[in-house]
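Notes to accompany the following structure.
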Amino acid sequence: VMQYTATDVLVKYADGKMEWTEIEDLKKLVVPNSTGEELRKQLGAQLLAAADDGSLEAMLRDKAEAKAEDLRLEIGQQLLNAVEDGSLEKILQEKATSLAEQVRLRVGQQLVAAAGDGRLEAALLRQAPKMDRLESVRQQT
């Protein structure tokens, strides 16, 4: 407020503009603190009532379900796109190769461990009679 009269005030706004405004018009723009406090109390009471009667929980559940459905649709679309452009197939092939490589490494480690502690040799010796029988059957055919 730069100047005032009995009915008007000269107001300088944040943008630098100055304008004469009637005091009554300014009063309409200002909300007394008690009204704001009453509004907060009313909103608080409505919130508590909604929590008590379950409507708040129902509304939150509906919002969460809607969000989950949106995510499902988005993920479904991404999967369709990945199928169409071939990227899903590529990822699955890479994963299969990766899993097969892990199995090969694991079996190799187990064979090395079994050879080191003698279990491999013992297992081969136990299988020798079966191998001999298989060899004789093969030679007969």
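Ordering of the structure tokens sets the chain letters (A, B, ...); residue numbers start at 1 within each chain; ligands are numbered from 1 in the order shown.
Within chain A, residues classed as strand (DSSP E or B) by DSSP on backbone coordinates are Gln3, Tyr4, Asp8, Val9, Leu10, Val11, Lys12, Met18, Glu19, Trp20, Thr21 and Glu22 of chain A.
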Would you export the selected residues with N, CA, C and O atoms as a compact mmCIF listing (two decimals), in the first residue's frame, please?
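again_0.txt, freshly written:
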```
# COMPACT_ATOMS: atom_id res chain seq x y z
N GLN A 3 -0.46 4.61 -0.85
CA GLN A 3 -1.27 5.72 -0.33
C GLN A 3 -2.66 5.19 -0.08
O GLN A 3 -3.04 4.13 -0.59
N TYR A 4 -3.44 5.95 0.68
CA TYR A 4 -4.82 5.53 0.89
C TYR A 4 -5.71 6.74 1.13
O TYR A 4 -5.25 7.81 1.50
N ASP A 8 -10.32 4.13 -0.80
CA ASP A 8 -9.42 3.47 -1.75
C ASP A 8 -7.99 3.42 -1.22
O ASP A 8 -7.61 4.20 -0.35
N VAL A 9 -7.21 2.49 -1.83
CA VAL A 9 -5.79 2.42 -1.52
C VAL A 9 -5.02 2.30 -2.83
O VAL A 9 -5.51 1.72 -3.80
N LEU A 10 -3.82 2.85 -2.85
CA LEU A 10 -2.92 2.70 -3.99
C LEU A 10 -2.02 1.51 -3.67
O LEU A 10 -1.21 1.56 -2.76
N VAL A 11 -2.19 0.43 -4.45
CA VAL A 11 -1.47 -0.82 -4.19
C VAL A 11 -0.40 -0.99 -5.26
O VAL A 11 -0.65 -0.82 -6.44
N LYS A 12 0.79 -1.31 -4.81
CA LYS A 12 1.86 -1.65 -5.74
C LYS A 12 2.01 -3.17 -5.73
O LYS A 12 2.29 -3.78 -4.70
N MET A 18 1.14 -0.29 -10.32
CA MET A 18 0.43 0.34 -9.19
C MET A 18 -0.99 0.65 -9.64
O MET A 18 -1.22 1.03 -10.79
N GLU A 19 -1.93 0.46 -8.71
CA GLU A 19 -3.34 0.63 -9.07
C GLU A 19 -4.15 1.02 -7.84
O GLU A 19 -3.93 0.50 -6.75
N TRP A 20 -5.10 1.94 -8.06
CA TRP A 20 -6.02 2.30 -6.99
C TRP A 20 -7.09 1.22 -6.91
O TRP A 20 -7.64 0.79 -7.91
N THR A 21 -7.34 0.72 -5.69
CA THR A 21 -8.32 -0.35 -5.47
C THR A 21 -9.19 0.03 -4.29
O THR A 21 -8.71 0.58 -3.30
N GLU A 22 -10.48 -0.28 -4.42
CA GLU A 22 -11.40 0.02 -3.31
C GLU A 22 -11.10 -0.90 -2.13
O GLU A 22 -10.81 -2.08 -2.31
```
Determine, counting only C-alpha atoms, which protein, DNA and RNA residues have an atom within 10 Å of an atom of range 56-66 of chain A; residues of the same chain fewer than 6 positions away are not included. Present the result as a VMD selection string.
-> chain A and resid 46 to 50 72
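Between CA of Glu94 in chain A and CA of Ala68 in chain A the interatomic distance comes to 29.6 Å.
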Which of chain A counts as alpha helix (DSSP H) under DSSP, as a ChimeraX atom specification please?
-> /A:23-29,33-53,55-85,87-117,119-140
For CA of Tyr13 in chain A and CA of Asp25 in chain A, quote the distance in Å rounded to one decimal.
-> 15.1 Å
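Atom pair CA of Ile23 in chain A / CA of Ala6 in chain A: separated by 8.4 Å.
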